[in-house]
Structure formats: structure tokens, C-alpha cells
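data.cif follows (mmCIF, C-alpha atoms):
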```cif
data_data
loop_
_atom_site.label_atom_id
_atom_site.label_comp_id
_atom_site.auth_asym_id
_atom_site.auth_seq_id
_atom_site.Cartn_x
_atom_site.Cartn_y
_atom_site.Cartn_z
CA MET A 232 53.61 22.02 11.53
CA GLN A 233 50.26 23.43 12.67
CA LEU A 234 47.95 20.91 14.33
CA LEU A 235 44.19 21.22 14.83
CA GLU A 236 42.48 21.43 18.23
CA ILE A 237 45.66 22.34 20.12
CA GLU A 238 43.76 23.78 23.10
CA THR A 239 41.69 20.61 23.45
CA LEU A 240 44.84 18.48 23.23
CA LYS A 241 46.36 20.42 26.12
CA GLN A 242 43.46 19.71 28.48
CA GLY A 243 45.02 16.45 29.68
CA LYS A 244 47.04 13.42 28.66
CA ASN A 245 46.04 11.76 25.37
CA LEU A 246 46.44 8.32 23.80
CA LEU A 247 47.98 8.13 20.31
CA GLY A 248 46.97 5.23 18.07
CA PHE A 249 50.41 4.30 16.73
CA SER A 250 51.42 2.01 13.85
CA GLY A 251 55.04 2.88 13.10
CA GLY A 252 54.09 4.20 9.66
CA LEU A 253 54.74 7.65 8.19
CA ASP A 254 51.63 9.34 9.55
CA SER A 255 51.64 8.16 13.16
CA SER A 256 55.43 8.57 13.46
CA ALA A 257 55.15 12.16 12.23
CA LEU A 258 52.28 12.88 14.63
CA PHE A 259 54.34 11.48 17.52
CA PHE A 260 57.06 14.11 16.99
CA MET A 261 54.62 16.93 16.15
CA LEU A 262 52.94 16.35 19.50
CA MET A 263 56.35 16.46 21.15
CA GLN A 264 57.07 19.82 19.48
CA HIS A 265 53.81 21.27 20.82
CA ASN A 266 54.41 19.88 24.34
CA ILE A 267 51.25 17.76 24.21
CA ALA A 268 51.07 15.06 26.89
CA PHE A 269 50.42 11.64 25.40
CA ASP A 270 51.14 7.91 25.49
CA ILE A 271 50.92 5.42 22.62
CA ALA A 272 49.11 2.17 21.79
CA ILE A 273 49.83 -0.28 18.97
CA VAL A 274 48.20 -3.46 17.65
CA ASP A 275 50.21 -6.25 16.02
CA TYR A 276 47.97 -8.06 13.51
CA GLY A 277 50.78 -10.40 12.49
CA ILE A 278 50.04 -10.15 8.75
CA ARG A 279 53.35 -8.53 7.74
CA THR A 280 56.86 -9.78 8.41
CA GLN A 281 57.88 -6.36 9.80
CA SER A 282 55.03 -6.16 12.34
CA LYS A 283 57.28 -7.28 15.22
CA GLU A 284 59.79 -4.60 14.27
CA GLU A 285 57.02 -1.97 14.31
CA VAL A 286 55.97 -2.97 17.82
CA ALA A 287 59.60 -2.95 18.96
CA TYR A 288 60.02 0.53 17.43
CA ALA A 289 56.95 1.75 19.34
CA HIS A 290 58.36 0.50 22.64
CA THR A 291 61.77 2.01 21.87
CA LEU A 292 60.24 5.42 21.12
CA ALA A 293 58.19 5.26 24.30
CA LYS A 294 61.20 4.39 26.43
CA THR A 295 63.34 7.07 24.81
CA PHE A 296 60.82 9.85 25.39
CA ALA A 297 59.37 8.65 28.71
CA LYS A 298 56.01 7.55 27.30
CA ARG A 299 53.92 4.53 28.16
CA CYS A 300 53.43 2.04 25.36
CA PHE A 301 50.43 -0.33 25.27
CA SER A 302 50.65 -3.19 22.78
CA ILE A 303 48.66 -6.30 21.93
CA LYS A 304 48.96 -9.22 19.54
CA ALA A 305 45.63 -9.63 17.75
CA PRO A 306 44.11 -13.03 16.97
CA ARG A 307 43.99 -14.41 13.43
CA PHE A 308 40.78 -13.32 11.73
CA SER A 309 39.66 -15.95 9.22
CA HIS A 310 37.40 -13.58 7.21
CA ASN A 311 36.19 -9.97 7.02
CA PHE A 312 39.60 -8.85 8.24
CA GLU A 313 39.22 -5.06 8.01
CA ALA A 314 35.96 -4.89 9.97
CA LYS A 315 37.09 -7.32 12.67
CA ALA A 316 40.51 -5.71 12.98
CA ARG A 317 38.90 -2.28 13.41
CA ALA A 318 36.50 -3.61 16.05
CA PHE A 319 39.35 -5.31 17.92
CA ARG A 320 41.46 -2.15 17.72
CA TYR A 321 38.75 0.04 19.22
CA HIS A 322 38.04 -2.47 22.00
CA PHE A 323 41.73 -2.20 22.83
CA PHE A 324 41.81 1.61 22.71
CA SER A 325 38.59 1.95 24.72
CA ALA A 326 39.85 -0.25 27.54
CA ILE A 327 43.00 1.85 27.87
CA MET A 328 41.09 5.14 27.63
CA THR A 329 38.82 4.11 30.49
CA ARG A 330 41.46 2.55 32.73
CA HIS A 331 43.79 5.55 32.57
CA ASN A 332 41.23 8.32 32.00
CA TYR A 333 42.87 9.83 28.92
CA ASN A 334 41.57 13.10 27.51
CA ALA A 335 41.20 11.89 23.90
CA LEU A 336 42.26 9.23 21.41
CA LEU A 337 44.51 10.73 18.72
CA LEU A 338 44.55 9.31 15.19
CA ALA A 339 46.93 10.28 12.38
CA HIS A 340 44.43 10.81 9.54
CA HIS A 341 45.41 13.65 7.21
CA PHE A 342 43.75 15.62 4.41
CA ASN A 343 44.70 13.12 1.69
CA ASP A 344 42.90 10.42 3.67
CA ARG A 345 39.80 12.58 3.81
CA PHE A 346 39.86 13.31 0.08
CA GLU A 347 40.41 9.62 -0.74
CA TRP A 348 37.35 8.82 1.35
CA PHE A 349 35.41 11.51 -0.53
CA LEU A 350 36.29 10.00 -3.92
CA LEU A 351 35.64 6.47 -2.68
CA GLN A 352 32.14 7.40 -1.51
CA LEU A 353 31.54 9.43 -4.68
CA SER A 354 32.30 6.32 -6.74
CA LYS A 355 29.62 4.39 -4.82
CA GLY A 356 26.93 7.06 -4.78
CA ALA A 357 26.58 8.92 -1.49
CA GLY A 358 25.04 11.96 0.19
CA ILE A 359 26.79 14.95 1.69
CA ASP A 360 27.35 13.38 5.10
CA SER A 361 28.95 10.21 3.73
CA LEU A 362 31.07 12.24 1.30
CA LEU A 363 32.53 14.40 4.07
CA GLY A 364 33.35 11.42 6.27
CA PHE A 365 35.15 12.09 9.55
CA ASP A 366 35.74 15.46 11.22
CA ALA A 367 38.66 16.69 13.31
CA ILE A 368 36.72 15.73 16.46
CA THR A 369 34.25 12.87 16.72
CA TRP A 370 32.93 10.84 19.65
CA MET A 371 33.19 7.13 20.39
CA TYR A 372 30.45 5.55 22.49
CA PRO A 373 31.99 2.28 23.72
CA ASN A 374 29.22 1.87 26.31
CA ILE A 375 27.01 0.78 23.39
CA LEU A 376 29.76 -1.12 21.59
CA HIS A 377 31.32 -3.23 24.30
CA HIS A 378 30.09 -6.30 26.10
CA PRO A 379 32.27 -9.13 27.46
CA ARG A 380 30.44 -11.85 25.53
CA GLN A 381 30.66 -9.84 22.31
CA THR A 382 34.36 -9.29 22.92
CA GLN A 383 34.85 -13.01 23.42
CA ASN A 384 32.95 -13.78 20.20
CA LEU A 385 35.02 -11.22 18.34
CA LEU A 386 38.22 -13.06 19.21
CA GLN A 387 37.03 -16.49 18.10
CA SER A 388 38.90 -17.62 15.01
CA LYS A 389 39.89 -20.81 13.28
CA GLY A 390 43.14 -22.40 14.30
CA LYS A 391 45.05 -21.83 17.48
CA PRO A 392 44.13 -18.47 19.07
CA ASN A 393 47.00 -16.20 20.01
CA ALA A 394 45.41 -13.62 22.32
CA ARG A 395 43.97 -13.81 25.81
CA LEU A 396 41.36 -11.62 27.44
CA VAL A 397 40.53 -11.05 31.08
CA PHE A 398 36.92 -9.96 31.57
CA LEU A 399 35.84 -7.91 34.56
CA GLY A 400 32.40 -8.65 35.95
CA ASP A 401 30.56 -7.00 38.84
CA ASN A 402 32.55 -8.83 41.53
CA THR A 403 34.23 -11.60 39.57
CA THR A 404 37.07 -12.11 37.17
CA GLN A 405 36.89 -14.68 34.41
CA ASN A 406 40.06 -15.85 32.71
CA ILE A 407 39.71 -16.99 29.12
CA LYS A 408 42.44 -19.57 28.64
CA LYS A 409 44.37 -18.31 25.66
CA PRO A 410 48.14 -18.18 25.54
CA LYS A 411 49.03 -14.49 25.36
CA ALA A 412 47.71 -11.26 26.87
CA PHE A 413 48.86 -7.80 25.91
CA TYR A 414 51.21 -6.06 28.27
CA GLN A 415 51.98 -2.58 29.45
CA ASP A 416 55.05 -2.33 31.68
CA SER A 417 55.03 -6.17 31.70
CA VAL A 418 51.68 -6.33 33.54
CA PRO A 419 48.76 -8.35 32.08
CA TYR A 420 46.03 -5.94 31.05
CA LYS A 421 42.22 -5.99 31.00
CA LEU A 422 40.67 -5.55 27.58
CA TYR A 423 37.09 -5.25 28.82
CA HIS A 424 35.79 -3.03 31.58
CA PRO A 425 32.06 -2.77 32.43
CA ARG A 426 32.11 1.00 32.94
CA ILE A 427 33.75 2.18 29.72
CA SER A 428 32.93 5.85 29.10
CA PRO A 429 32.47 7.83 25.89
CA TYR A 430 35.56 9.66 24.68
CA ARG A 431 36.70 12.06 21.98
CA ILE A 432 38.62 11.02 18.89
CA ILE A 433 40.81 13.86 17.61
CA ARG A 434 42.59 13.97 14.26
CA PRO A 435 45.11 16.81 14.67
CA MET A 436 46.64 16.42 11.17
CA LEU A 437 43.37 16.47 9.22
CA SER A 438 44.27 19.72 7.40
CA LEU A 439 47.81 18.59 6.47
CA ARG A 440 48.75 17.04 3.12
CA LYS A 441 50.65 13.77 3.00
CA GLN A 442 53.40 15.55 1.07
CA ASP A 443 53.84 18.01 3.98
CA ILE A 444 53.98 15.15 6.48
CA LEU A 445 56.63 13.35 4.43
CA GLY A 446 58.64 16.58 4.24
CA PHE A 447 58.44 16.93 8.03
CA CYS A 448 59.79 13.40 8.55
CA THR A 449 62.57 13.96 6.02
CA GLN A 450 63.58 17.28 7.57
CA HIS A 451 63.74 15.84 11.09
CA HIS A 452 65.20 12.45 10.07
CA ILE A 453 62.26 10.55 11.57
CA HIS A 454 62.30 6.80 11.06
CA PHE A 455 59.10 5.11 9.88
CA PHE A 456 57.98 1.87 8.23
CA GLU A 457 56.48 1.58 4.74
CA ASP A 458 53.37 -0.59 4.35
CA VAL A 459 53.90 -2.40 1.04
CA SER A 460 50.18 -3.26 0.85
CA ASN A 461 49.51 0.43 0.12
CA GLU A 462 50.96 -0.14 -3.36
CA ASP A 463 48.46 -2.89 -4.24
CA THR A 464 45.99 -1.25 -6.66
CA THR A 465 43.60 -4.21 -6.48
CA TYR A 466 42.31 -2.39 -3.39
CA LYS A 467 39.94 0.35 -4.58
CA ARG A 468 41.19 2.96 -2.14
CA ASN A 469 44.82 2.41 -3.21
CA PHE A 470 43.74 2.72 -6.87
CA ILE A 471 42.01 6.04 -6.13
CA ARG A 472 45.02 7.29 -4.18
CA MET A 473 47.60 6.49 -6.84
CA HIS A 474 45.60 7.53 -9.92
CA PHE A 475 43.56 10.50 -8.70
CA ALA A 476 43.78 11.75 -5.12
CA ASN A 477 47.47 12.54 -4.61
CA ASP A 478 47.92 14.49 -7.86
CA PHE A 479 44.62 16.35 -7.41
CA ILE A 480 45.54 17.46 -3.89
CA GLU A 481 49.00 18.54 -5.04
CA TYR A 482 47.54 20.95 -7.63
CA PHE A 483 44.23 22.03 -6.06
CA ASN A 484 44.74 21.68 -2.30
CA CYS A 485 43.55 25.18 -1.28
CA GLY A 486 40.35 24.98 -3.30
CA VAL A 487 39.51 21.50 -2.05
CA GLN A 488 40.12 22.56 1.57
CA ARG A 489 37.72 25.52 1.10
CA SER A 490 35.14 23.21 -0.48
CA PHE A 491 35.21 20.90 2.54
CA THR A 492 34.71 23.88 4.86
CA ILE A 493 31.69 25.06 2.85
CA LEU A 494 30.22 21.56 2.61
CA LYS A 495 30.57 21.11 6.37
CA GLN A 496 28.63 24.33 6.99
CA GLU A 497 25.91 23.23 4.57
CA ARG A 498 25.70 19.82 6.19
CA MET A 499 25.18 21.45 9.60
CA ALA A 500 22.35 23.59 8.18
CA LEU A 501 20.74 20.63 6.42
CA TYR A 502 20.97 18.07 9.20
CA HIS A 503 20.36 20.03 12.39
CA GLY A 504 18.86 18.00 15.19
CA VAL A 505 19.87 16.55 18.53
CA VAL A 506 20.77 13.09 19.80
CA ALA A 507 21.39 11.69 23.28
CA HIS A 508 22.73 8.27 24.28
CA LEU A 509 21.76 6.41 27.44
CA GLY A 510 23.15 2.87 27.55
CA ASN A 511 21.40 0.85 24.84
CA PHE A 512 18.91 3.68 24.22
CA THR A 513 19.33 6.52 21.76
CA PHE A 514 16.97 9.52 21.71
CA VAL A 515 16.50 11.64 18.58
CA ILE A 516 14.72 14.96 18.02
CA ALA A 517 14.40 16.24 14.44
CA ASP A 518 12.28 18.70 12.47
CA THR A 519 11.87 16.64 9.29
CA SER A 520 11.92 13.04 8.16
CA SER A 521 15.14 13.52 6.19
CA GLN A 522 16.88 14.93 9.26
CA ALA A 523 15.60 12.07 11.41
CA LEU A 524 16.77 9.46 8.88
CA HIS A 525 20.20 11.06 8.82
CA LEU A 526 20.52 10.98 12.61
CA ILE A 527 19.25 7.40 12.80
CA ALA A 528 21.74 6.26 10.15
CA LYS A 529 24.55 8.07 11.99
CA THR A 530 23.55 6.44 15.27
CA LEU A 531 23.40 2.93 13.83
CA LYS A 532 26.76 3.42 12.18
CA LEU A 533 28.20 4.20 15.63
CA ARG A 534 26.76 0.87 16.71
CA GLY A 535 28.54 -0.94 13.89
CA TYR A 536 25.71 -1.18 11.35
CA VAL A 537 25.23 0.68 8.05
CA LEU A 538 21.68 1.12 6.77
CA SER A 539 20.93 0.16 3.19
CA GLN A 540 18.83 2.37 0.94
CA ASN A 541 15.94 -0.11 1.15
CA GLN A 542 16.07 0.03 4.95
CA ARG A 543 15.99 3.82 4.91
CA GLN A 544 12.90 3.68 2.70
CA GLU A 545 11.27 1.15 5.03
CA ILE A 546 11.89 3.37 8.07
CA ALA A 547 10.29 6.35 6.32
CA LYS A 548 7.41 4.23 4.96
CA THR A 549 6.51 2.96 8.45
CA HIS A 550 6.69 6.52 9.86
CA PHE A 551 9.64 5.60 12.07
CA SER A 552 8.05 2.55 13.64
CA CYS A 553 9.87 -0.60 12.55
CA THR A 554 12.58 -3.12 13.37
CA VAL A 555 15.88 -3.24 11.51
CA GLY A 556 17.18 -6.76 11.70
CA PRO A 557 17.96 -9.21 12.95
CA VAL A 558 21.37 -8.14 11.72
CA THR A 559 24.91 -9.41 12.13
CA THR A 560 27.75 -6.89 12.40
CA SER A 561 31.44 -7.02 13.17
CA LEU A 562 30.64 -6.36 16.85
CA TYR A 563 27.34 -8.07 17.44
CA ALA A 564 25.74 -11.44 16.93
CA ARG A 565 22.19 -11.45 15.55
CA GLN A 566 20.32 -8.57 17.14
CA ASN A 567 17.54 -6.13 16.38
CA PHE A 568 17.42 -2.35 16.26
CA LEU A 569 13.98 -1.14 17.33
CA ILE A 570 13.07 2.28 15.94
CA GLU A 571 9.93 3.86 17.37
CA ARG A 572 8.41 7.32 17.19
CA LEU A 573 7.01 8.64 20.45
CA HIS A 574 3.97 10.93 20.27
CA LEU A 575 4.81 13.23 23.17
CA ARG A 576 2.24 16.02 23.41
CA PHE A 577 3.11 17.14 26.90
CA PHE A 578 5.97 16.91 29.35
CA THR A 579 5.44 15.73 32.90
CA MET A 580 8.07 16.60 35.51
CA PHE A 581 8.69 14.95 38.84
CA GLU A 582 8.81 17.86 41.29
CA THR A 583 8.63 16.32 44.77
CA ASP A 584 8.10 12.87 46.20
CA SER A 585 4.35 13.13 45.67
CA THR A 586 3.77 15.94 43.18
CA TYR A 587 3.71 15.84 39.40
CA LYS A 588 2.98 18.74 37.11
CA THR A 589 2.73 19.56 33.43
CA ASN A 590 5.14 22.34 32.55
CA GLY A 591 5.33 22.41 28.79
CA VAL A 592 3.87 21.36 25.47
CA PHE A 593 5.92 19.21 23.12
CA PRO A 594 5.43 20.50 19.53
CA LYS A 595 3.56 18.02 17.37
CA HIS A 596 5.66 18.68 14.26
CA LEU A 597 8.92 17.50 15.87
CA LEU A 598 9.91 13.86 15.45
CA ALA A 599 10.71 12.28 18.81
CA ILE A 600 12.34 8.89 18.17
CA ILE A 601 13.91 6.25 20.37
CA ILE A 602 16.28 3.54 19.11
CA ILE A 603 16.96 0.40 21.13
CA GLN A 604 19.33 -2.43 20.39
CA GLU A 605 18.30 -5.80 21.73
CA LYS A 606 18.84 -9.49 21.16
CA SER A 607 16.51 -11.52 18.96
CA SER A 608 14.53 -13.16 21.73
CA THR A 609 10.94 -13.43 22.91
CA PRO A 610 10.30 -10.93 25.75
CA SER A 611 9.04 -12.27 29.07
CA ALA A 612 5.62 -11.30 30.44
CA LEU A 613 5.50 -7.80 31.90
CA PRO A 614 3.87 -6.98 35.25
CA LYS A 615 0.36 -5.58 34.99
CA THR A 616 1.23 -2.40 36.91
CA PHE A 617 4.07 -1.69 34.50
CA LYS A 618 1.84 -2.19 31.45
CA ASN A 619 -0.86 0.08 32.87
CA LEU A 620 1.57 2.92 33.48
CA ALA A 621 3.13 2.37 30.05
CA ARG A 622 -0.31 2.93 28.50
CA ILE A 623 -0.84 6.08 30.56
CA TYR A 624 2.51 7.48 29.40
CA ALA A 625 1.86 6.45 25.77
CA ILE A 626 4.86 4.10 25.58
CA PRO A 627 4.58 1.99 22.39
CA PRO A 628 4.18 -1.75 23.16
CA ARG A 629 7.33 -2.77 21.28
CA LEU A 630 9.49 -0.58 23.53
CA ARG A 631 8.09 -1.81 26.83
CA PRO A 632 10.19 -5.02 27.26
CA SER A 633 13.46 -3.12 26.79
CA LEU A 634 12.36 -0.33 29.11
CA TYR A 635 11.36 -2.87 31.71
CA ASP A 636 14.80 -4.51 31.45
CA HIS A 637 16.34 -1.08 31.99
CA LEU A 638 14.07 -0.52 35.01
CA MET A 639 15.08 -3.84 36.60
CA ARG A 640 18.78 -3.38 35.87
CA TYR A 641 18.93 0.00 37.61
CA GLN A 642 16.24 -0.77 40.23
CA LEU A 643 14.06 2.21 39.34
CA GLU A 644 10.44 2.89 40.18
CA THR A 645 8.21 2.51 37.12
CA LYS A 646 6.78 6.03 37.25
CA ILE A 647 10.24 7.54 37.76
CA LEU A 648 11.52 5.69 34.66
CA PHE A 649 8.81 7.13 32.42
CA ILE A 650 9.25 10.62 33.85
CA GLN A 651 12.98 10.39 33.16
CA LEU A 652 12.18 9.31 29.61
CA TYR A 653 10.05 12.39 29.07
CA GLN A 654 12.68 14.60 30.68
CA VAL A 655 15.34 13.36 28.26
CA PHE A 656 13.19 14.36 25.30
CA TRP A 657 12.24 17.68 26.86
CA ASN A 658 15.91 18.55 27.43
CA LEU A 659 16.65 17.60 23.83
CA TYR A 660 13.80 19.79 22.64
CA GLN A 661 15.25 22.75 24.56
CA ASN A 662 18.58 22.10 22.86
CA ALA A 663 16.86 21.91 19.47
CA LYS A 664 15.27 25.32 19.99
CA TYR A 665 18.53 27.09 20.76
CA ASN A 666 20.99 25.08 18.73
CA LYS A 667 20.06 24.33 15.14
CA ASN A 668 23.27 22.37 14.51
CA PHE A 669 23.71 18.63 14.90
CA LYS A 670 24.66 17.87 18.48
CA THR A 671 25.36 14.61 20.27
CA GLU A 672 25.23 14.30 24.03
CA THR A 673 25.66 11.56 26.57
CA ILE A 674 23.28 11.55 29.51
#
```
Represent the supplied structure as C-alpha cells.
Amino acid sequence: MQLLEIETLKQGKNLLGFSGGLDSSALFFMLMQHNIAFDIAIVDYGIRTQSKEEVAYAHTLAKTFAKRCFSIKAPRFSHNFEAKARAFRYHFFSAIMTRHNYNALLLAHHFNDRFEWFLLQLSKGAGIDSLLGFDAITWMYPNILHHPRQTQNLLQSKGKPNARLVFLGDNTTQNIKKPKAFYQDSVPYKLYHPRISPYRIIRPMLSLRKQDILGFCTQHHIHFFEDVSNEDTTYKRNFIRMHFANDFIEYFNCGVQRSFTILKQERMALYHGVVAHLGNFTFVIADTSSQALHLIAKTLKLRGYVLSQNQRQEIAKTHFSCTVGPVTTSLYARQNFLIERLHLRFFTMFETDSTYKTNGVFPKHLLAIIIIQEKSSTPSALPKTFKNLARIYAIPPRLRPSLYDHLMRYQLETKILFIQLYQVFWNLYQNAKYNKNFKTETI
């Protein structure tokens, strides 16, 4: 079976998100056939009677084929199960990715999954980006999704908790007294790490049909578990799968695959722009308001929040100068997203210890936007010298408290901070000139 992104997969060892089901079991053996280096990770949510058998199967496979297997028993989520389970799962994956420096996280999504998503979004009313959903390669930015207190809050649930976390601080370790940690090679593991890095998510089977995957498992006598909840048509996605998606893909697969390729090209032409992430800050450069709104919505979705249509209208109405929130998401307690347009008419570069110069003009038509996530709290008074320089560098007042926090956290000089801010936007502008496709970078 042909997998996508083979060359990228061969750049190092990868981590496979494993469940014991048809898709992840098939991907396990496809990776073996292509000599891809990988280990596996599995989460036991404890909601099905066979979940213990699935975890045992994962460990057996790993031992048989000399792989490492990371597993964890999740806590009981009293409500909003899907969102909390997803957040918990990615905390788990991110910790492993960082600790062992894996090349990419591999997920077993296939083309039927993508088409089901398309129909699901079509039934709700959606634009081209939402309709297309995930690509073969996307990026996860856990540095903006993970915080030890948020992780602790995520695990709070009614009744007796059944998972334990160990948080790593700067020079301290805090043990949260809960009865069971997850283990790899029988060693208690750390679910949170303060220096978690961005990583790629690769979906090697995204062009394969579910029917082809099932045929592969049948041909090679691969054992897998059936999830009986997939037959429950009270779930909208299951209803779409059983009544529309599977039969449509069986008859019109080639045409639908071509349509997705064309739509992806059109999306890239429609939504070109550039984005960079720096801790809690996100920088956006776009030509038009529609492009900027698209990039902002994409950024906030990475942070666990989906903009409503009314919020999109409010952002445009305020000319990209407003606060979204306070909001509550699956990852965060009540917090704000500050969206602010910066009117950068020139770029100032730090050249030597005492020399500054202007070396370029920032085009007025481009939208230069910064997004900051912060807690709902009253900012403390800012030093007068900081406020004076902020006025000189045209930093909007609402952004100053967060920038000052960043300055104190990294012990920067005030002038250096603002020069770095301008340099980020100037670098993005250079990217925008030469690359008219959507691009995300981490600085």
C-alpha cells in the first residue's frame, strides 16, 4: 500500500497514535513494510469493556516487533467527553514527542475520514477551509497549548480520579497525589514538560480508502478491534458514514480525490498569507481582510477555540482591534484573545550596540496583526520608561501589558523587545512577497 510523505517519515523515528482498531493496526504494519522507524502510544479511556485488551494488544505488538509502547489510563470525564479526551490525548502525545525527540506524530486518518468530515461540515454550512479539513501534514504548537495548571485542571473530574501527573517546573518537581501514572518500560512518566516544541502531524493513509485498508488487513491476517460505537447512528458522523460517505467513495473515489486536490490549490490561492508563533504571541501578515480573518480563525482553532460567525463580523467591524472572550475552552479556563492591528510604516533594525537604522518601508495596504492569549485579569501598572518607548514604537495600549510580561519573563531590554517585534513582521513581509501560499512558521 502506498503511503504519503514517505521521505519525511524516513527522516527519523516517529510516534504512532495507536488504538488497536482497523486503521491504526493497518498503519502499524504498513510502516513496517516501508521500513519506517516508529514507536506507539495508546490512551485507555475506560469507556469500553475491551479497552484493557486493546492496551494489552498494543504492548504485545510493541514487544513482538521491538517497539516502545507508551500507554496511559485517562481520568473519567464527567461532560464534554470528546473535547476533553482529545485535549488529554494531545497532552500525552506532546510530552512523549518532546521527551524523546520524535520526528513526527503519525495518525491513521484515511480518505473516508476526510470525506465524512467534508459532508459533516457541508451539513452545517462552512467555507472552503473548513470543508477540506486536515491535510497530510499539519503542525501542532503545544507551546501555546500546554501549561501545568491547565493540565491539572483538565484532569479534574467528579468521583475518584484514576490518573496521576508529575509536573516539571524550573527546578522543582510537584507530585499530584493521584493513584496511577502512565508507564513506559515500567517507569513513571512526565506528562508535562515546560519546553515542549512544535511538531509535525502526518497522516500517511490520507489518500487510501477504508475498503483498501480492510483488504490489506484481511490479506495479511492482521488482528484488530471493532469499535461498536461506530454503528450508533445517533451520532451525526456515523449517520453520514453509513448512509452517504462509504457508498459515495466506493463509486466515485477518483473524482472526489481530484476534487480535493483542486480545492486545496484554490484554497492556497485564496488564503495566501503568513503566520509566525512566538510563545503566547501570534503574528499575521495578510493582503485582505478575508485572508486575515481566515488566518486568525485558523490560529485560534490551534489554541482550542472556534470563532463564531458573529465574532468574525465583530473582528472585521472593529478593523482587527478587539478582544474575543473571556472564553472557556477544553484546554483553558476563562481567558481572553487580544487581536490588534499594528500600523507599521517603517522597519527599524538593531545593527550594533548603539546604532539603529531604518532599512525598509512596510506597505500600508498589508494587514499586520498580533494575537495574544492572556488571563482575564487587571494588568499591573507599567513603568514610565516602558510606556514612553511603547508610544514611540506605536505599540497599541492594549498590547503593552502582555509585551511587558514577555519582557520580564525573558529579561530583555525594552528597546530590544520592540525592535524584535518589528523584525518578526519584517521577516514575515519578506516571506509574503516571495511566497503567496499560506505558511506557518515558529520563531
- Of the residues A:Leu338, A:Leu620, A:Leu613, A:Ile570, which is the one nearest to Asp254 of chain A, using all atoms listed in the file? A:Leu338
- From the set A:Leu643, A:Leu247, A:Cys553, A:Leu659, which residue has the shortest atom-to-atom contact distance to Ala339 of chain A, counting all atoms listed in the file? A:Leu247
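When only C-alpha atoms are used to measure the gap to Thr329 of chain A, the shortest distance among A:Thr239, A:Asn619, A:Asn245, A:Gln542 belongs to A:Asn245.
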- Message: So, with all atoms listed in the file as the atoms that count, which of A:Gln496, A:Asn343, A:Gln233, A:Gln642 lies closest to Phe483 of chain A?
- Response: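 The answer is A:Asn343, which sits nearest to Phe483 of chain A.
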- Query: Care to translate the PyMOL selection byres ((chain A and resi 551) around 9) into actual residues of this file, as number ranges by chain?
  - Reply: A: 520, 523-524, 545-550, 552-553, 570-572, 598, 600
Keeping only C-alpha atoms, write the selected residues as a PDB file, keeping the file's coordinate frame.
```pdb
ATOM      1  CA  SER A 520      11.920  13.040   8.160  1.00  0.00           C
ATOM      2  CA  ALA A 523      15.600  12.070  11.410  1.00  0.00           C
ATOM      3  CA  LEU A 524      16.770   9.460   8.880  1.00  0.00           C
ATOM      4  CA  GLU A 545      11.270   1.150   5.030  1.00  0.00           C
ATOM      5  CA  ILE A 546      11.890   3.370   8.070  1.00  0.00           C
ATOM      6  CA  ALA A 547      10.290   6.350   6.320  1.00  0.00           C
ATOM      7  CA  LYS A 548       7.410   4.230   4.960  1.00  0.00           C
ATOM      8  CA  THR A 549       6.510   2.960   8.450  1.00  0.00           C
ATOM      9  CA  HIS A 550       6.690   6.520   9.860  1.00  0.00           C
ATOM     10  CA  SER A 552       8.050   2.550  13.640  1.00  0.00           C
ATOM     11  CA  CYS A 553       9.870  -0.600  12.550  1.00  0.00           C
ATOM     12  CA  ILE A 570      13.070   2.280  15.940  1.00  0.00           C
ATOM     13  CA  GLU A 571       9.930   3.860  17.370  1.00  0.00           C
ATOM     14  CA  ARG A 572       8.410   7.320  17.190  1.00  0.00           C
ATOM     15  CA  LEU A 598       9.910  13.860  15.450  1.00  0.00           C
ATOM     16  CA  ILE A 600      12.340   8.890  18.170  1.00  0.00           C
TER      17      ILE A 600
END
```
